[in-house]
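Structure data (PDB, C-alpha atoms) from my_file-v3.pdb:
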```pdb
MODEL        1
ATOM      1  CA  MET K   1      17.381   1.320  14.993  1.00  0.00           C
ATOM      2  CA  SER K   2      13.670   1.831  15.670  1.00  0.00           C
ATOM      3  CA  LEU K   3      11.860   4.912  16.891  1.00  0.00           C
ATOM      4  CA  SER K   4      11.974   4.331  20.636  1.00  0.00           C
ATOM      5  CA  LYS K   5       9.233   5.178  23.125  1.00  0.00           C
ATOM      6  CA  ASN K   6      11.422   7.923  24.559  1.00  0.00           C
ATOM      7  CA  LYS K   7      11.894   9.544  21.165  1.00  0.00           C
ATOM      8  CA  ILE K   8       8.162   9.311  20.434  1.00  0.00           C
ATOM      9  CA  LYS K   9       7.499  10.908  23.817  1.00  0.00           C
ATOM     10  CA  TYR K  10       9.994  13.675  23.013  1.00  0.00           C
ATOM     11  CA  ILE K  11       8.426  14.394  19.603  1.00  0.00           C
ATOM     12  CA  GLN K  12       4.972  14.479  21.157  1.00  0.00           C
ATOM     13  CA  SER K  13       6.187  16.860  23.882  1.00  0.00           C
ATOM     14  CA  LEU K  14       7.041  19.428  21.194  1.00  0.00           C
ATOM     15  CA  LYS K  15       3.344  19.981  20.617  1.00  0.00           C
ATOM     16  CA  ASP K  16       3.546  22.314  23.639  1.00  0.00           C
ATOM     17  CA  LYS K  17       5.152  25.719  23.203  1.00  0.00           C
ATOM     18  CA  LYS K  18       6.955  25.605  26.546  1.00  0.00           C
ATOM     19  CA  ASN K  19       8.763  22.432  25.484  1.00  0.00           C
ATOM     20  CA  ARG K  20       9.607  23.857  22.063  1.00  0.00           C
ATOM     21  CA  MET K  21      11.089  26.892  23.778  1.00  0.00           C
ATOM     22  CA  GLU K  22      12.982  24.787  26.316  1.00  0.00           C
ATOM     23  CA  HIS K  23      14.606  22.607  23.650  1.00  0.00           C
ATOM     24  CA  GLY K  24      14.747  25.238  20.899  1.00  0.00           C
ATOM     25  CA  THR K  25      13.317  22.723  18.444  1.00  0.00           C
ATOM     26  CA  PHE K  26      10.160  22.072  16.439  1.00  0.00           C
ATOM     27  CA  VAL K  27       8.582  19.259  14.438  1.00  0.00           C
ATOM     28  CA  ALA K  28       7.998  19.109  10.692  1.00  0.00           C
ATOM     29  CA  GLU K  29       6.112  16.318   8.937  1.00  0.00           C
ATOM     30  CA  GLY K  30       5.950  15.091   5.356  1.00  0.00           C
ATOM     31  CA  LEU K  31       8.476  14.701   2.550  1.00  0.00           C
ATOM     32  CA  LYS K  32       8.225  18.208   1.087  1.00  0.00           C
ATOM     33  CA  THR K  33       8.353  20.141   4.344  1.00  0.00           C
ATOM     34  CA  VAL K  34      11.177  18.044   5.755  1.00  0.00           C
ATOM     35  CA  SER K  35      13.152  18.198   2.498  1.00  0.00           C
ATOM     36  CA  ASP K  36      12.822  21.987   2.279  1.00  0.00           C
ATOM     37  CA  LEU K  37      13.856  22.487   5.889  1.00  0.00           C
ATOM     38  CA  LEU K  38      16.915  20.265   5.514  1.00  0.00           C
ATOM     39  CA  CYS K  39      18.306  22.904   3.144  1.00  0.00           C
ATOM     40  CA  SER K  40      18.133  25.702   5.714  1.00  0.00           C
ATOM     41  CA  CYS K  41      17.771  24.380   9.266  1.00  0.00           C
ATOM     42  CA  HIS K  42      20.010  22.283  11.488  1.00  0.00           C
ATOM     43  CA  CYS K  43      18.272  18.932  11.991  1.00  0.00           C
ATOM     44  CA  GLN K  44      18.280  17.066  15.286  1.00  0.00           C
ATOM     45  CA  LEU K  45      16.360  13.969  14.233  1.00  0.00           C
ATOM     46  CA  ILE K  46      14.908  12.354  11.130  1.00  0.00           C
ATOM     47  CA  ALA K  47      12.522   9.431  11.555  1.00  0.00           C
ATOM     48  CA  GLY K  48      10.943   7.834   8.513  1.00  0.00           C
ATOM     49  CA  LEU K  49      10.047   4.787   6.523  1.00  0.00           C
ATOM     50  CA  PRO K  50      13.092   3.358   4.703  1.00  0.00           C
ATOM     51  CA  GLU K  51      11.689   4.269   1.280  1.00  0.00           C
ATOM     52  CA  ALA K  52      11.027   7.847   2.454  1.00  0.00           C
ATOM     53  CA  ILE K  53      14.549   8.259   3.817  1.00  0.00           C
ATOM     54  CA  LYS K  54      15.902   7.250   0.408  1.00  0.00           C
ATOM     55  CA  GLN K  55      13.906  10.000  -1.329  1.00  0.00           C
ATOM     56  CA  ILE K  56      15.523  12.931   0.462  1.00  0.00           C
ATOM     57  CA  ASN K  57      18.997  14.394   0.307  1.00  0.00           C
ATOM     58  CA  LEU K  58      20.392  14.155   3.810  1.00  0.00           C
ATOM     59  CA  PRO K  59      23.037  16.751   4.688  1.00  0.00           C
ATOM     60  CA  GLU K  60      25.933  15.799   6.950  1.00  0.00           C
ATOM     61  CA  ASN K  61      24.669  17.901   9.839  1.00  0.00           C
ATOM     62  CA  VAL K  62      21.642  15.675  10.579  1.00  0.00           C
ATOM     63  CA  GLU K  63      22.388  14.496  14.103  1.00  0.00           C
ATOM     64  CA  GLU K  64      20.349  11.296  14.070  1.00  0.00           C
ATOM     65  CA  ILE K  65      18.508   9.204  11.466  1.00  0.00           C
ATOM     66  CA  VAL K  66      16.029   6.538  12.526  1.00  0.00           C
ATOM     67  CA  LEU K  67      14.289   4.005  10.279  1.00  0.00           C
ATOM     68  CA  ALA K  68      10.761   3.855  11.644  1.00  0.00           C
ATOM     69  CA  THR K  69       7.709   1.700  11.058  1.00  0.00           C
ATOM     70  CA  GLU K  70       4.262   2.967  10.123  1.00  0.00           C
ATOM     71  CA  ASP K  71       3.022   2.098  13.598  1.00  0.00           C
ATOM     72  CA  GLU K  72       5.818   4.111  15.239  1.00  0.00           C
ATOM     73  CA  LEU K  73       5.149   7.109  13.012  1.00  0.00           C
ATOM     74  CA  LYS K  74       1.456   6.846  13.818  1.00  0.00           C
ATOM     75  CA  LYS K  75       2.310   7.196  17.507  1.00  0.00           C
ATOM     76  CA  ALA K  76       4.663  10.116  16.878  1.00  0.00           C
ATOM     77  CA  THR K  77       2.625  12.206  14.434  1.00  0.00           C
ATOM     78  CA  PHE K  78       0.421  15.153  15.397  1.00  0.00           C
ATOM     79  CA  PHE K  79      -2.031  14.379  12.604  1.00  0.00           C
ATOM     80  CA  LYS K  80      -4.670  11.766  11.875  1.00  0.00           C
ATOM     81  CA  THR K  81      -2.796  10.291   8.939  1.00  0.00           C
ATOM     82  CA  PRO K  82       0.871   9.543   9.693  1.00  0.00           C
ATOM     83  CA  PRO K  83       3.402  10.920   7.190  1.00  0.00           C
ATOM     84  CA  PRO K  84       6.207   8.773   5.794  1.00  0.00           C
ATOM     85  CA  ILE K  85       8.784  10.974   7.509  1.00  0.00           C
ATOM     86  CA  ILE K  86       9.058  13.266  10.550  1.00  0.00           C
ATOM     87  CA  GLY K  87      11.869  15.698  11.337  1.00  0.00           C
ATOM     88  CA  VAL K  88      12.876  17.562  14.474  1.00  0.00           C
ATOM     89  CA  PHE K  89      14.687  20.807  13.660  1.00  0.00           C
ATOM     90  CA  TYR K  90      16.383  23.533  15.665  1.00  0.00           C
ATOM     91  CA  GLN K  91      14.570  26.850  15.565  1.00  0.00           C
ATOM     92  CA  PRO K  92      16.576  29.298  13.401  1.00  0.00           C
ATOM     93  CA  THR K  93      17.494  32.753  14.634  1.00  0.00           C
ATOM     94  CA  ALA K  94      16.308  35.543  12.337  1.00  0.00           C
ATOM     95  CA  ASN K  95      19.000  38.154  11.686  1.00  0.00           C
ATOM     96  CA  ILE K  96      17.407  41.514  10.891  1.00  0.00           C
ATOM     97  CA  VAL K  97      20.411  43.744  11.471  1.00  0.00           C
ATOM     98  CA  ASP K  98      21.190  44.199   7.786  1.00  0.00           C
ATOM     99  CA  LEU K  99      17.589  44.404   6.552  1.00  0.00           C
ATOM    100  CA  ASP K 100      17.081  47.591   4.537  1.00  0.00           C
ATOM    101  CA  LEU K 101      13.408  48.551   4.451  1.00  0.00           C
ATOM    102  CA  LYS K 102      14.147  51.213   1.846  1.00  0.00           C
ATOM    103  CA  THR K 103      14.594  48.426  -0.665  1.00  0.00           C
ATOM    104  CA  ASN K 104      12.620  45.519   0.845  1.00  0.00           C
ATOM    105  CA  LEU K 105       8.923  44.865   1.344  1.00  0.00           C
ATOM    106  CA  VAL K 106       8.089  43.032   4.581  1.00  0.00           C
ATOM    107  CA  LEU K 107       4.949  41.909   6.399  1.00  0.00           C
ATOM    108  CA  ALA K 108       4.059  42.731  10.005  1.00  0.00           C
ATOM    109  CA  LEU K 109       1.383  40.671  11.736  1.00  0.00           C
ATOM    110  CA  ASP K 110      -0.477  42.226  14.650  1.00  0.00           C
ATOM    111  CA  GLY K 111      -1.973  39.587  16.920  1.00  0.00           C
ATOM    112  CA  ILE K 112      -2.693  36.840  14.379  1.00  0.00           C
ATOM    113  CA  GLN K 113      -4.141  34.038  16.514  1.00  0.00           C
ATOM    114  CA  ASP K 114      -4.918  31.145  14.209  1.00  0.00           C
ATOM    115  CA  PRO K 115      -1.872  28.938  13.435  1.00  0.00           C
ATOM    116  CA  GLY K 116      -3.406  27.977  10.083  1.00  0.00           C
ATOM    117  CA  ASN K 117      -3.726  31.626   9.080  1.00  0.00           C
ATOM    118  CA  LEU K 118      -0.151  32.301  10.152  1.00  0.00           C
ATOM    119  CA  GLY K 119       1.225  29.350   8.211  1.00  0.00           C
ATOM    120  CA  THR K 120      -0.764  30.310   5.121  1.00  0.00           C
ATOM    121  CA  ILE K 121       0.542  33.888   5.305  1.00  0.00           C
ATOM    122  CA  VAL K 122       4.120  32.561   5.457  1.00  0.00           C
ATOM    123  CA  ARG K 123       3.379  30.479   2.363  1.00  0.00           C
ATOM    124  CA  LEU K 124       1.930  33.540   0.607  1.00  0.00           C
ATOM    125  CA  ALA K 125       4.957  35.631   1.529  1.00  0.00           C
ATOM    126  CA  ASP K 126       7.203  32.987   0.000  1.00  0.00           C
ATOM    127  CA  TRP K 127       5.138  32.998  -3.203  1.00  0.00           C
ATOM    128  CA  PHE K 128       5.373  36.774  -3.553  1.00  0.00           C
ATOM    129  CA  GLY K 129       9.073  36.972  -2.716  1.00  0.00           C
ATOM    130  CA  ILE K 130       8.663  38.528   0.734  1.00  0.00           C
ATOM    131  CA  GLU K 131      11.489  37.128   2.833  1.00  0.00           C
ATOM    132  CA  HIS K 132      10.784  38.652   6.261  1.00  0.00           C
ATOM    133  CA  ILE K 133       7.722  38.632   8.527  1.00  0.00           C
ATOM    134  CA  PHE K 134       7.599  40.448  11.854  1.00  0.00           C
ATOM    135  CA  CYS K 135       5.008  39.127  14.305  1.00  0.00           C
ATOM    136  CA  SER K 136       3.777  40.821  17.446  1.00  0.00           C
ATOM    137  CA  ASP K 137       4.753  38.923  20.586  1.00  0.00           C
ATOM    138  CA  ASP K 138       1.157  37.782  21.119  1.00  0.00           C
ATOM    139  CA  SER K 139       0.782  36.268  17.649  1.00  0.00           C
ATOM    140  CA  ALA K 140       0.482  32.500  17.182  1.00  0.00           C
ATOM    141  CA  ASP K 141       3.715  30.512  17.339  1.00  0.00           C
ATOM    142  CA  ILE K 142       5.037  29.711  13.871  1.00  0.00           C
ATOM    143  CA  TYR K 143       6.533  26.482  15.247  1.00  0.00           C
ATOM    144  CA  GLN K 144       3.147  25.151  16.359  1.00  0.00           C
ATOM    145  CA  PRO K 145       2.560  21.950  14.312  1.00  0.00           C
ATOM    146  CA  LYS K 146      -0.481  23.271  12.411  1.00  0.00           C
ATOM    147  CA  ALA K 147       1.381  26.462  11.515  1.00  0.00           C
ATOM    148  CA  VAL K 148       4.458  24.568  10.294  1.00  0.00           C
ATOM    149  CA  GLN K 149       2.284  22.266   8.191  1.00  0.00           C
ATOM    150  CA  SER K 150       0.330  25.188   6.719  1.00  0.00           C
ATOM    151  CA  THR K 151       3.520  26.801   5.411  1.00  0.00           C
ATOM    152  CA  MET K 152       4.040  23.824   3.068  1.00  0.00           C
ATOM    153  CA  GLY K 153       7.791  24.204   3.388  1.00  0.00           C
ATOM    154  CA  ALA K 154       7.861  28.010   3.040  1.00  0.00           C
ATOM    155  CA  ILE K 155       9.079  28.276   6.628  1.00  0.00           C
ATOM    156  CA  ALA K 156      12.450  27.187   5.233  1.00  0.00           C
ATOM    157  CA  ARG K 157      12.747  30.353   3.129  1.00  0.00           C
ATOM    158  CA  VAL K 158      10.835  33.065   5.024  1.00  0.00           C
ATOM    159  CA  LYS K 159      12.419  34.499   8.173  1.00  0.00           C
ATOM    160  CA  ILE K 160       9.950  35.053  11.025  1.00  0.00           C
ATOM    161  CA  CYS K 161      10.833  37.328  13.924  1.00  0.00           C
ATOM    162  CA  TYR K 162       8.747  38.076  17.040  1.00  0.00           C
ATOM    163  CA  VAL K 163       8.977  41.672  18.225  1.00  0.00           C
ATOM    164  CA  ASN K 164       7.205  44.374  20.184  1.00  0.00           C
ATOM    165  CA  LEU K 165       5.451  45.575  17.062  1.00  0.00           C
ATOM    166  CA  PHE K 166       4.816  49.124  18.282  1.00  0.00           C
ATOM    167  CA  ASP K 167       8.489  49.615  19.198  1.00  0.00           C
ATOM    168  CA  PHE K 168       9.641  47.987  15.961  1.00  0.00           C
ATOM    169  CA  LEU K 169       7.481  50.218  13.768  1.00  0.00           C
ATOM    170  CA  SER K 170       8.273  53.336  15.818  1.00  0.00           C
ATOM    171  CA  GLU K 171      11.888  53.025  14.729  1.00  0.00           C
ATOM    172  CA  LYS K 172      11.016  52.925  11.008  1.00  0.00           C
ATOM    173  CA  THR K 173      11.074  56.649  10.295  1.00  0.00           C
ATOM    174  CA  GLY K 174      10.843  57.633   6.644  1.00  0.00           C
ATOM    175  CA  ILE K 175       9.568  54.171   5.691  1.00  0.00           C
ATOM    176  CA  PRO K 176       6.025  53.718   4.292  1.00  0.00           C
ATOM    177  CA  ILE K 177       3.875  51.668   6.661  1.00  0.00           C
ATOM    178  CA  TYR K 178       0.672  50.303   5.132  1.00  0.00           C
ATOM    179  CA  GLY K 179      -2.342  48.746   6.798  1.00  0.00           C
ATOM    180  CA  THR K 180      -5.789  47.552   5.721  1.00  0.00           C
ATOM    181  CA  PHE K 181      -8.907  49.317   7.044  1.00  0.00           C
ATOM    182  CA  LEU K 182     -12.563  49.603   6.084  1.00  0.00           C
ATOM    183  CA  GLU K 183     -12.107  53.399   5.959  1.00  0.00           C
ATOM    184  CA  GLY K 184      -8.876  53.241   3.946  1.00  0.00           C
ATOM    185  CA  LYS K 185      -8.153  54.257   0.359  1.00  0.00           C
ATOM    186  CA  ASN K 186      -8.974  51.908  -2.490  1.00  0.00           C
ATOM    187  CA  ILE K 187      -5.835  49.773  -2.877  1.00  0.00           C
ATOM    188  CA  TYR K 188      -6.322  49.602  -6.654  1.00  0.00           C
ATOM    189  CA  GLN K 189      -6.308  53.384  -6.976  1.00  0.00           C
ATOM    190  CA  THR K 190      -3.580  54.257  -4.478  1.00  0.00           C
ATOM    191  CA  PRO K 191       0.121  54.641  -5.361  1.00  0.00           C
ATOM    192  CA  LEU K 192       2.149  51.896  -3.681  1.00  0.00           C
ATOM    193  CA  ALA K 193       5.881  51.828  -3.029  1.00  0.00           C
ATOM    194  CA  GLY K 194       7.810  48.648  -3.712  1.00  0.00           C
ATOM    195  CA  HIS K 195       9.278  48.718  -0.208  1.00  0.00           C
ATOM    196  CA  GLY K 196       8.248  49.294   3.393  1.00  0.00           C
ATOM    197  CA  VAL K 197       5.996  47.454   5.836  1.00  0.00           C
ATOM    198  CA  VAL K 198       2.528  46.003   5.270  1.00  0.00           C
ATOM    199  CA  VAL K 199       0.658  45.459   8.562  1.00  0.00           C
ATOM    200  CA  MET K 200      -2.109  42.865   8.773  1.00  0.00           C
ATOM    201  CA  GLY K 201      -4.307  42.781  11.864  1.00  0.00           C
ATOM    202  CA  ASN K 202      -5.953  40.330  14.218  1.00  0.00           C
ATOM    203  CA  GLU K 203      -8.729  38.115  12.816  1.00  0.00           C
ATOM    204  CA  GLY K 204     -11.455  39.685  14.957  1.00  0.00           C
ATOM    205  CA  ASN K 205     -10.193  43.099  16.025  1.00  0.00           C
ATOM    206  CA  GLY K 206      -7.937  44.214  13.186  1.00  0.00           C
ATOM    207  CA  ILE K 207      -4.898  46.370  13.869  1.00  0.00           C
ATOM    208  CA  ARG K 208      -4.718  47.585  17.467  1.00  0.00           C
ATOM    209  CA  PRO K 209      -4.956  51.358  18.103  1.00  0.00           C
ATOM    210  CA  ASP K 210      -1.325  52.015  19.109  1.00  0.00           C
ATOM    211  CA  VAL K 211      -0.061  50.323  15.935  1.00  0.00           C
ATOM    212  CA  GLN K 212      -2.697  52.136  13.868  1.00  0.00           C
ATOM    213  CA  SER K 213      -1.181  55.437  14.969  1.00  0.00           C
ATOM    214  CA  LEU K 214       2.063  54.526  13.190  1.00  0.00           C
ATOM    215  CA  ILE K 215       0.507  53.608   9.836  1.00  0.00           C
ATOM    216  CA  SER K 216       1.187  56.163   7.128  1.00  0.00           C
ATOM    217  CA  GLU K 217      -1.143  54.766   4.446  1.00  0.00           C
ATOM    218  CA  LYS K 218      -4.509  53.145   5.146  1.00  0.00           C
ATOM    219  CA  LEU K 219      -5.654  50.812   2.396  1.00  0.00           C
ATOM    220  CA  TYR K 220      -9.026  49.256   1.639  1.00  0.00           C
ATOM    221  CA  ILE K 221      -9.836  46.182  -0.456  1.00  0.00           C
ATOM    222  CA  PRO K 222     -13.161  47.090  -2.111  1.00  0.00           C
ATOM    223  CA  ASN K 223     -15.907  44.571  -2.584  1.00  0.00           C
ATOM    224  CA  TYR K 224     -17.664  44.204  -5.936  1.00  0.00           C
ATOM    225  CA  PRO K 225     -19.931  45.725  -7.009  1.00  0.00           C
ATOM    226  CA  PRO K 226     -19.628  48.803  -4.751  1.00  0.00           C
ATOM    227  CA  HIS K 227     -22.309  49.347  -2.093  1.00  0.00           C
ATOM    228  CA  ARG K 228     -23.699  45.828  -2.495  1.00  0.00           C
ATOM    229  CA  PRO K 229     -24.460  44.117   0.843  1.00  0.00           C
ATOM    230  CA  THR K 230     -21.685  41.609   1.440  1.00  0.00           C
ATOM    231  CA  SER K 231     -19.614  39.835   4.076  1.00  0.00           C
ATOM    232  CA  GLU K 232     -18.318  41.949   6.938  1.00  0.00           C
ATOM    233  CA  SER K 233     -14.662  41.265   6.187  1.00  0.00           C
ATOM    234  CA  LEU K 234     -12.161  38.966   4.496  1.00  0.00           C
ATOM    235  CA  ASN K 235     -10.151  36.233   6.151  1.00  0.00           C
ATOM    236  CA  VAL K 236      -6.767  37.735   7.052  1.00  0.00           C
ATOM    237  CA  ALA K 237      -4.817  35.261   4.931  1.00  0.00           C
ATOM    238  CA  VAL K 238      -7.040  35.974   1.908  1.00  0.00           C
ATOM    239  CA  ALA K 239      -6.649  39.725   2.463  1.00  0.00           C
ATOM    240  CA  THR K 240      -2.880  39.285   2.704  1.00  0.00           C
ATOM    241  CA  ALA K 241      -2.842  37.462  -0.629  1.00  0.00           C
ATOM    242  CA  ILE K 242      -4.769  40.273  -2.336  1.00  0.00           C
ATOM    243  CA  VAL K 243      -2.550  42.991  -0.840  1.00  0.00           C
ATOM    244  CA  CYS K 244       0.711  41.214  -1.688  1.00  0.00           C
ATOM    245  CA  SER K 245      -0.487  40.506  -5.208  1.00  0.00           C
ATOM    246  CA  GLU K 246      -1.319  44.166  -5.791  1.00  0.00           C
ATOM    247  CA  PHE K 247       2.048  45.344  -4.457  1.00  0.00           C
ATOM    248  CA  ARG K 248       3.877  42.921  -6.735  1.00  0.00           C
ATOM    249  CA  ARG K 249       1.655  43.722  -9.717  1.00  0.00           C
ATOM    250  CA  ARG K 250       2.881  47.315  -9.635  1.00  0.00           C
TER     251      ARG K 250
ENDMDL
END
```
Structure translated into structure tokens:
Amino acid sequence: MSLSKNKIKYIQSLKDKKNRMEHGTFVAEGLKTVSDLLCSCHCQLIAGLPEAIKQINLPENVEEIVLATEDELKKATFFKTPPPIIGVFYQPTANIVDLDLKTNLVLALDGIQDPGNLGTIVRLADWFGIEHIFCSDDSADIYQPKAVQSTMGAIARVKICYVNLFDFLSEKTGIPIYGTFLEGKNIYQTPLAGHGVVVMGNEGNGIRPDVQSLISEKLYIPNYPPHRPTSESLNVAVATAIVCSEFRRR
């Protein structure tokens, strides 16, 4: 069976958020990302070169497997260079009912707009053993192709949930809520708990005022050497890496 025009059209339609939401699916490309997702997500369709299909462990719940040609994959892919395999997966539902923030460290993202930044942050969270990320409703869609690709498979292990961030944080009484600010305390000199919420803000505007009002500990990543003229700010994904590393170092 080849990858039909209708299936190519369907895969391509999932580039648009409205279609992803309508079908409840998303696209993943490449051997590693597809292989990782097969371990955690229900798969609707796998399309790949015969030699690529042989390299992955296919669970029984894959609904359809199609042996595709390079030309067919080139028409289906979202990227310039076609991968050897493409998968269509159902979007998982994040269950946060049993999440105890008195023992877990989680990330909260306030208005992150760039899909590449979002995907990189998911990858960082996976590296530092952070299993839950809460995104404001206006953050980029984690199932956007660039975001999925940027996670490098970490989307299979990190649970992402979209929430009204102000309401979500308002309910977290007695839980430390951290955020990064230019006027915050030096992160390297400030006591840090091993649990709670770390809020990272929008690329251009930082953390919005209503969410700022809920933050109990403002942190600052100092430049080096102090008082030397330098860049205005760090990329949000880079800042997230530094913050997560310091929390885990403690």
Give me the residues near Ile160 in chain K as a ChimeraX atom specification, where near means some atom within 12 Å (using all atoms listed in the file) and where sequence neighbours in that chain fewer than 4 positions away do not count. /K:91-96,106-109,118-119,121-123,125-126,130-137,139-143,148,151,154-156
Output file for the residues above (C-alpha atoms, as a compact mmCIF listing (two decimals), keeping the file's coordinate frame):
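And here is the file that came out, part.txt:
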```
# COMPACT_ATOMS: atom_id res chain seq x y z
CA GLN K 91 14.57 26.85 15.56
CA PRO K 92 16.58 29.30 13.40
CA THR K 93 17.49 32.75 14.63
CA ALA K 94 16.31 35.54 12.34
CA ASN K 95 19.00 38.15 11.69
CA ILE K 96 17.41 41.51 10.89
CA VAL K 106 8.09 43.03 4.58
CA LEU K 107 4.95 41.91 6.40
CA ALA K 108 4.06 42.73 10.01
CA LEU K 109 1.38 40.67 11.74
CA LEU K 118 -0.15 32.30 10.15
CA GLY K 119 1.23 29.35 8.21
CA ILE K 121 0.54 33.89 5.30
CA VAL K 122 4.12 32.56 5.46
CA ARG K 123 3.38 30.48 2.36
CA ALA K 125 4.96 35.63 1.53
CA ASP K 126 7.20 32.99 0.00
CA ILE K 130 8.66 38.53 0.73
CA GLU K 131 11.49 37.13 2.83
CA HIS K 132 10.78 38.65 6.26
CA ILE K 133 7.72 38.63 8.53
CA PHE K 134 7.60 40.45 11.85
CA CYS K 135 5.01 39.13 14.30
CA SER K 136 3.78 40.82 17.45
CA ASP K 137 4.75 38.92 20.59
CA SER K 139 0.78 36.27 17.65
CA ALA K 140 0.48 32.50 17.18
CA ASP K 141 3.72 30.51 17.34
CA ILE K 142 5.04 29.71 13.87
CA TYR K 143 6.53 26.48 15.25
CA VAL K 148 4.46 24.57 10.29
CA THR K 151 3.52 26.80 5.41
CA ALA K 154 7.86 28.01 3.04
CA ILE K 155 9.08 28.28 6.63
CA ALA K 156 12.45 27.19 5.23
```
So that I can check the surroundings of Ile53 in chain K, please list as a PDB file with C-alpha atoms, keeping the file's coordinate frame every protein, DNA and RNA residue that reaches within 8 Å of it, counting all atoms listed in the file and ignoring chain neighbours fewer than 5 positions away.
```pdb
ATOM      1  CA  GLY K  48      10.943   7.834   8.513  1.00  0.00           C
ATOM      2  CA  LEU K  67      14.289   4.005  10.279  1.00  0.00           C
ATOM      3  CA  ILE K  85       8.784  10.974   7.509  1.00  0.00           C
TER       4      ILE K  85
END
```
Around all the atoms of range 234-243 of chain K listed in the file, draw an axis-aligned box and extend it by 8 Å on each of the six sides; I want its centre and edge lengths in Å to one decimal, as lines of an AutoDock Vina configuration file.
```
center_x = -7.4
center_y = 39.1
center_z = 2.4
size_x = 25.6
size_y = 23.7
size_z = 25.4
```
From K:Lys102, K:Arg157, K:Lys185, K:Lys80, residue lying nearest Val197 in chain K [only C-alpha atoms]: K:Lys102
CA of Ile86 in chain K to CA of Tyr162 in chain K, straight-line distance in Å: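 CA of Tyr162 in chain K sits 25.6 Å away from CA of Ile86 in chain K.
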Report, in Å to a single decimal, how far apart CA of Asn117 in chain K and CA of Thr240 in chain K are.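 Those two atoms sit 10.0 Å apart.
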Rank nothing, just name the residue among K:Lys218, K:Lys5, K:Arg249, K:Lys15 nearest to Ala28 in chain K, using only C-alpha atoms. K:Lys15
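You will find CA of Ser233 in chain K at 10.1 Å from CA of Gly206 in chain K.
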Counting only C-alpha atoms, which residues come within 10 Å of (-10.7, 57.4, 6.0), with the point read in the file's coordinates, and could you list them as a compact mmCIF listing (two decimals) with C-alpha atoms, in the frame of the given file?
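Once everything was written out, this is selection.txt:
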```txt
# COMPACT_ATOMS: atom_id res chain seq x y z
CA PHE K 181 -8.91 49.32 7.04
CA LEU K 182 -12.56 49.60 6.08
CA GLU K 183 -12.11 53.40 5.96
CA GLY K 184 -8.88 53.24 3.95
CA LYS K 185 -8.15 54.26 0.36
CA LYS K 218 -4.51 53.14 5.15
CA LEU K 219 -5.65 50.81 2.40
CA TYR K 220 -9.03 49.26 1.64
```
Enumerate, as a ChimeraX atom specification, the residues matched when the PyMOL selection byres ((chain K and resi 52) around 12) is run on the file above. /K:29-32,34-35,46-51,53-58,65-70,83-87
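Ranking K:Val27, K:Pro191, K:Glu72, K:Phe78 by their shortest atom-to-atom distance to Asn6 in chain K, with all atoms listed in the file included, puts K:Glu72 first.
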So, counting all atoms listed in the file, which residue among K:Phe247, K:Leu165, K:Leu38, K:Gly153 is closest to Gln189 in chain K?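 That would be K:Phe247, the residue with the smallest distance to Gln189 in chain K.
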Which residue of K:Pro225, K:Pro145, K:Gly201, K:Gly129 approaches Cys244 in chain K most closely, using all atoms listed in the file: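 The shortest atom-to-atom distance to Cys244 in chain K comes from K:Gly129.
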Nearest-residue call for Ser170 in chain K, choices K:Ser150, K:Pro209, K:Ile215, K:Val199, using all atoms listed in the file: K:Ile215
